[in-house]
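*Asks:* For reference, the structure I am asking about is given below.
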Amino acid sequence: MKESILDVLLYLFEHYIGDDADTLRDRDPLHDGLIEAGFSPAEISKAFDWLDGLAQQRLAGGEARVDGPVRVYHGPELDRLDVDCRGFLLFLEQQGVLDAGQRELVLDRAMALDQDEIDLDDLKWVVLMVLFNQPGAEAAYAWLETQMFGEEPEPVH
């Protein structure tokens, strides 16, 4: 089975986390469940490291600024995030879904996936996981979840 860190994270997110981020504290049952699901110990370990990195960078809730500076992408970010991904992040900032700190956290966690390229769907999942982990980001999380899974998402202009 060809799996990535993101595959393990998505499995955890869909099957274990649900409405409670504290589910990840007891890793042994999670590890066993992931092994049973067919994930390799190496990828499971990388996914737990990714989650630890996210938890260590939990931000205090701030207010998103739609008139802030524009983020300039460089080097590996340009190589791994295509124009759709970068445009999506800009859109989320302009809509007040992400503030600059959250955007940087999303970028950090996206780059930590250890993938050569990150497509828009992968980035959306990273944004969703970051927002889920951020205090005070419940409304932004709910909005993005509706965009990803709702019957008729709002048009992106």
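Chains: A, B, ... in order of the structure tokens. Residues: from 1 per chain. Ligands: from 1, in order shown.
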With only C-alpha atoms as the counted atoms, please give the residues lying no more than 10 Å from Tyr141 in chain A, apart from itself and same-chain residues fewer than 4 positions off, as a list in words.
*Replies:*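 In the requested form, the answer reads Val97, Leu98, Val127, Leu128, Met129, Val130, Leu131, Phe132, Asn133, Gln134, Gly136, Ala137, Glu145, Thr146 and Gln147 of chain A.
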*Asks:* Based on the selection just made, write N, CA, C and O atoms of those residues as a PDB file, in the first residue's frame.
*Replies:*
```pdb
ATOM      1  N   VAL A  97     -10.869  33.915   6.903  1.00  0.00           N
ATOM      2  CA  VAL A  97     -10.859  32.552   7.431  1.00  0.00           C
ATOM      3  C   VAL A  97      -9.536  32.270   8.126  1.00  0.00           C
ATOM      4  O   VAL A  97      -9.494  31.643   9.185  1.00  0.00           O
ATOM      5  N   LEU A  98      -8.446  32.728   7.534  1.00  0.00           N
ATOM      6  CA  LEU A  98      -7.115  32.579   8.105  1.00  0.00           C
ATOM      7  C   LEU A  98      -6.525  33.944   8.377  1.00  0.00           C
ATOM      8  O   LEU A  98      -6.692  34.869   7.576  1.00  0.00           O
ATOM      9  N   VAL A 127      -5.432  22.719   5.906  1.00  0.00           N
ATOM     10  CA  VAL A 127      -6.092  23.895   6.479  1.00  0.00           C
ATOM     11  C   VAL A 127      -7.158  23.447   7.475  1.00  0.00           C
ATOM     12  O   VAL A 127      -7.260  23.997   8.579  1.00  0.00           O
ATOM     13  N   LEU A 128      -7.939  22.463   7.110  1.00  0.00           N
ATOM     14  CA  LEU A 128      -8.999  21.977   7.990  1.00  0.00           C
ATOM     15  C   LEU A 128      -8.417  21.450   9.303  1.00  0.00           C
ATOM     16  O   LEU A 128      -8.923  21.763  10.387  1.00  0.00           O
ATOM     17  N   MET A 129      -7.335  20.686   9.225  1.00  0.00           N
ATOM     18  CA  MET A 129      -6.717  20.149  10.440  1.00  0.00           C
ATOM     19  C   MET A 129      -6.112  21.254  11.300  1.00  0.00           C
ATOM     20  O   MET A 129      -6.203  21.209  12.530  1.00  0.00           O
ATOM     21  N   VAL A 130      -5.512  22.240  10.662  1.00  0.00           N
ATOM     22  CA  VAL A 130      -4.947  23.361  11.419  1.00  0.00           C
ATOM     23  C   VAL A 130      -6.057  24.130  12.121  1.00  0.00           C
ATOM     24  O   VAL A 130      -5.960  24.438  13.312  1.00  0.00           O
ATOM     25  N   LEU A 131      -7.131  24.441  11.402  1.00  0.00           N
ATOM     26  CA  LEU A 131      -8.237  25.174  12.016  1.00  0.00           C
ATOM     27  C   LEU A 131      -8.886  24.384  13.143  1.00  0.00           C
ATOM     28  O   LEU A 131      -9.281  24.954  14.164  1.00  0.00           O
ATOM     29  N   PHE A 132      -8.989  23.082  12.980  1.00  0.00           N
ATOM     30  CA  PHE A 132      -9.562  22.233  14.017  1.00  0.00           C
ATOM     31  C   PHE A 132      -8.754  22.338  15.303  1.00  0.00           C
ATOM     32  O   PHE A 132      -9.295  22.268  16.407  1.00  0.00           O
ATOM     33  N   ASN A 133      -7.458  22.518  15.166  1.00  0.00           N
ATOM     34  CA  ASN A 133      -6.548  22.558  16.307  1.00  0.00           C
ATOM     35  C   ASN A 133      -6.408  23.953  16.923  1.00  0.00           C
ATOM     36  O   ASN A 133      -5.780  24.098  17.960  1.00  0.00           O
ATOM     37  N   GLN A 134      -6.974  24.968  16.303  1.00  0.00           N
ATOM     38  CA  GLN A 134      -6.787  26.339  16.763  1.00  0.00           C
ATOM     39  C   GLN A 134      -7.942  26.802  17.653  1.00  0.00           C
ATOM     40  O   GLN A 134      -9.097  26.730  17.242  1.00  0.00           O
ATOM     41  N   GLY A 136     -10.627  29.137  19.085  1.00  0.00           N
ATOM     42  CA  GLY A 136     -11.325  30.293  18.527  1.00  0.00           C
ATOM     43  C   GLY A 136     -11.549  30.232  17.030  1.00  0.00           C
ATOM     44  O   GLY A 136     -12.063  31.177  16.439  1.00  0.00           O
ATOM     45  N   ALA A 137     -11.173  29.137  16.385  1.00  0.00           N
ATOM     46  CA  ALA A 137     -11.311  29.029  14.927  1.00  0.00           C
ATOM     47  C   ALA A 137     -12.495  28.137  14.536  1.00  0.00           C
ATOM     48  O   ALA A 137     -12.552  27.653  13.410  1.00  0.00           O
ATOM     49  N   GLU A 145     -15.325  23.431   6.290  1.00  0.00           N
ATOM     50  CA  GLU A 145     -15.911  22.098   6.214  1.00  0.00           C
ATOM     51  C   GLU A 145     -17.121  22.110   5.283  1.00  0.00           C
ATOM     52  O   GLU A 145     -17.302  21.203   4.469  1.00  0.00           O
ATOM     53  N   THR A 146     -17.934  23.156   5.364  1.00  0.00           N
ATOM     54  CA  THR A 146     -19.082  23.300   4.471  1.00  0.00           C
ATOM     55  C   THR A 146     -18.618  23.443   3.030  1.00  0.00           C
ATOM     56  O   THR A 146     -19.216  22.859   2.113  1.00  0.00           O
ATOM     57  N   GLN A 147     -17.547  24.186   2.822  1.00  0.00           N
ATOM     58  CA  GLN A 147     -17.010  24.353   1.474  1.00  0.00           C
ATOM     59  C   GLN A 147     -16.527  23.031   0.893  1.00  0.00           C
ATOM     60  O   GLN A 147     -16.690  22.770  -0.294  1.00  0.00           O
TER      61      GLN A 147
END
```
*Asks:* Pick out each residue of range 30-157 of chain A that DSSP on the backbone tags as helix (DSSP H, G or I); I need them as a PyMOL selection string.
*Replies:* chain A and resi 30-36+41-56+76-80+83-94+100-111+120-133+138-149
*Asks:* May I have the selected residues written with C-alpha atoms, as a compact mmCIF listing (two decimals), in the first residue's frame?
*Replies:*
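After the write, out-v9.txt holds the following:
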```txt
# COMPACT_ATOMS: atom_id res chain seq x y z
CA LEU A 30 -4.42 4.72 17.86
CA HIS A 31 -1.16 3.13 16.77
CA ASP A 32 -2.68 -0.34 16.98
CA GLY A 33 -5.74 0.77 15.01
CA LEU A 34 -3.57 2.30 12.31
CA ILE A 35 -1.48 -0.86 12.04
CA GLU A 36 -4.69 -2.88 11.67
CA PRO A 41 4.90 1.99 11.52
CA ALA A 42 7.22 4.50 9.82
CA GLU A 43 4.34 6.50 8.32
CA ILE A 44 2.40 6.31 11.58
CA SER A 45 5.39 7.71 13.45
CA LYS A 46 5.77 10.53 10.90
CA ALA A 47 2.07 11.36 11.20
CA PHE A 48 2.30 11.54 15.00
CA ASP A 49 5.37 13.78 14.66
CA TRP A 50 3.35 16.00 12.27
CA LEU A 51 0.54 16.24 14.83
CA ASP A 52 3.03 17.03 17.60
CA GLY A 53 4.45 19.84 15.47
CA LEU A 54 0.94 21.19 14.98
CA ALA A 55 0.17 21.04 18.70
CA GLN A 56 3.42 22.82 19.57
CA PRO A 76 10.56 25.01 -1.94
CA GLU A 77 7.17 26.63 -1.33
CA LEU A 78 6.94 27.56 -5.01
CA ASP A 79 8.11 24.09 -6.00
CA ARG A 80 5.55 22.26 -3.88
CA VAL A 83 -0.72 28.56 -8.16
CA ASP A 84 -4.11 27.08 -7.14
CA CYS A 85 -2.81 26.36 -3.64
CA ARG A 86 -1.27 29.78 -3.23
CA GLY A 87 -4.42 31.42 -4.59
CA PHE A 88 -6.56 29.42 -2.18
CA LEU A 89 -4.51 30.59 0.79
CA LEU A 90 -4.83 34.19 -0.38
CA PHE A 91 -8.59 33.71 -0.78
CA LEU A 92 -8.87 32.34 2.77
CA GLU A 93 -7.00 35.34 4.12
CA GLN A 94 -9.12 37.78 2.15
CA ALA A 100 -1.31 35.64 8.83
CA GLY A 101 -0.19 33.44 11.72
CA GLN A 102 -2.57 30.67 10.78
CA ARG A 103 -1.49 30.92 7.15
CA GLU A 104 2.13 30.44 8.21
CA LEU A 105 1.12 27.47 10.35
CA VAL A 106 -0.72 25.96 7.37
CA LEU A 107 2.37 26.49 5.22
CA ASP A 108 4.62 24.95 7.86
CA ARG A 109 2.39 21.89 8.20
CA ALA A 110 1.96 21.55 4.42
CA MET A 111 5.72 21.62 3.92
CA LEU A 120 -5.32 21.79 -3.65
CA ASP A 121 -7.28 18.94 -2.06
CA ASP A 122 -4.31 18.04 0.15
CA LEU A 123 -3.90 21.68 1.15
CA LYS A 124 -7.58 21.97 2.03
CA TRP A 125 -7.22 19.04 4.40
CA VAL A 126 -4.17 20.64 6.00
CA VAL A 127 -6.09 23.90 6.48
CA LEU A 128 -9.00 21.98 7.99
CA MET A 129 -6.72 20.15 10.44
CA VAL A 130 -4.95 23.36 11.42
CA LEU A 131 -8.24 25.17 12.02
CA PHE A 132 -9.56 22.23 14.02
CA ASN A 133 -6.55 22.56 16.31
CA GLU A 138 -14.56 27.06 15.18
CA ALA A 139 -16.47 29.30 12.77
CA ALA A 140 -13.66 29.23 10.20
CA TYR A 141 -13.43 25.45 10.55
CA ALA A 142 -17.20 25.07 10.06
CA TRP A 143 -17.14 27.35 7.01
CA LEU A 144 -14.30 25.43 5.37
CA GLU A 145 -15.91 22.10 6.21
CA THR A 146 -19.08 23.30 4.47
CA GLN A 147 -17.01 24.35 1.47
CA MET A 148 -15.38 20.95 1.26
CA PHE A 149 -18.36 18.71 2.00
```
*Asks:* What does the distance between CA of Ala37 in chain A and CA of Tyr11 in chain A come to in Å, to one decimal place?
*Replies:*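 Atom-to-atom, CA of Ala37 in chain A to CA of Tyr11 in chain A, that is 9.0 Å.
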*Asks:* Could you check the closest approach to Pro135 in chain A for each of A:Pro69, A:Asp116, A:Gln57, A:Phe13 and tell me which residue wins, using only C-alpha atoms?
*Replies:*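 The shortest atom-to-atom distance to Pro135 in chain A comes from A:Gln57.
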*Asks:* Just how far from CA of Asp119 in chain A is CA of Glu3 in chain A, in Å to one decimal?
*Replies:* 15.6 Å
*Asks:* So the first atom is CA of Val8 in chain A and the second is CA of Gly38 in chain A; what is the distance between them in Å, to one decimal place?
*Replies:* 9.8 Å
*Asks:* With distances taken over only C-alpha atoms, which residue among A:Asp114, A:Phe39, A:His74, A:Leu81 lies nearest Asp7 in chain A?
*Replies:*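 Of all the options, A:Phe39 lies closest to Asp7 in chain A.
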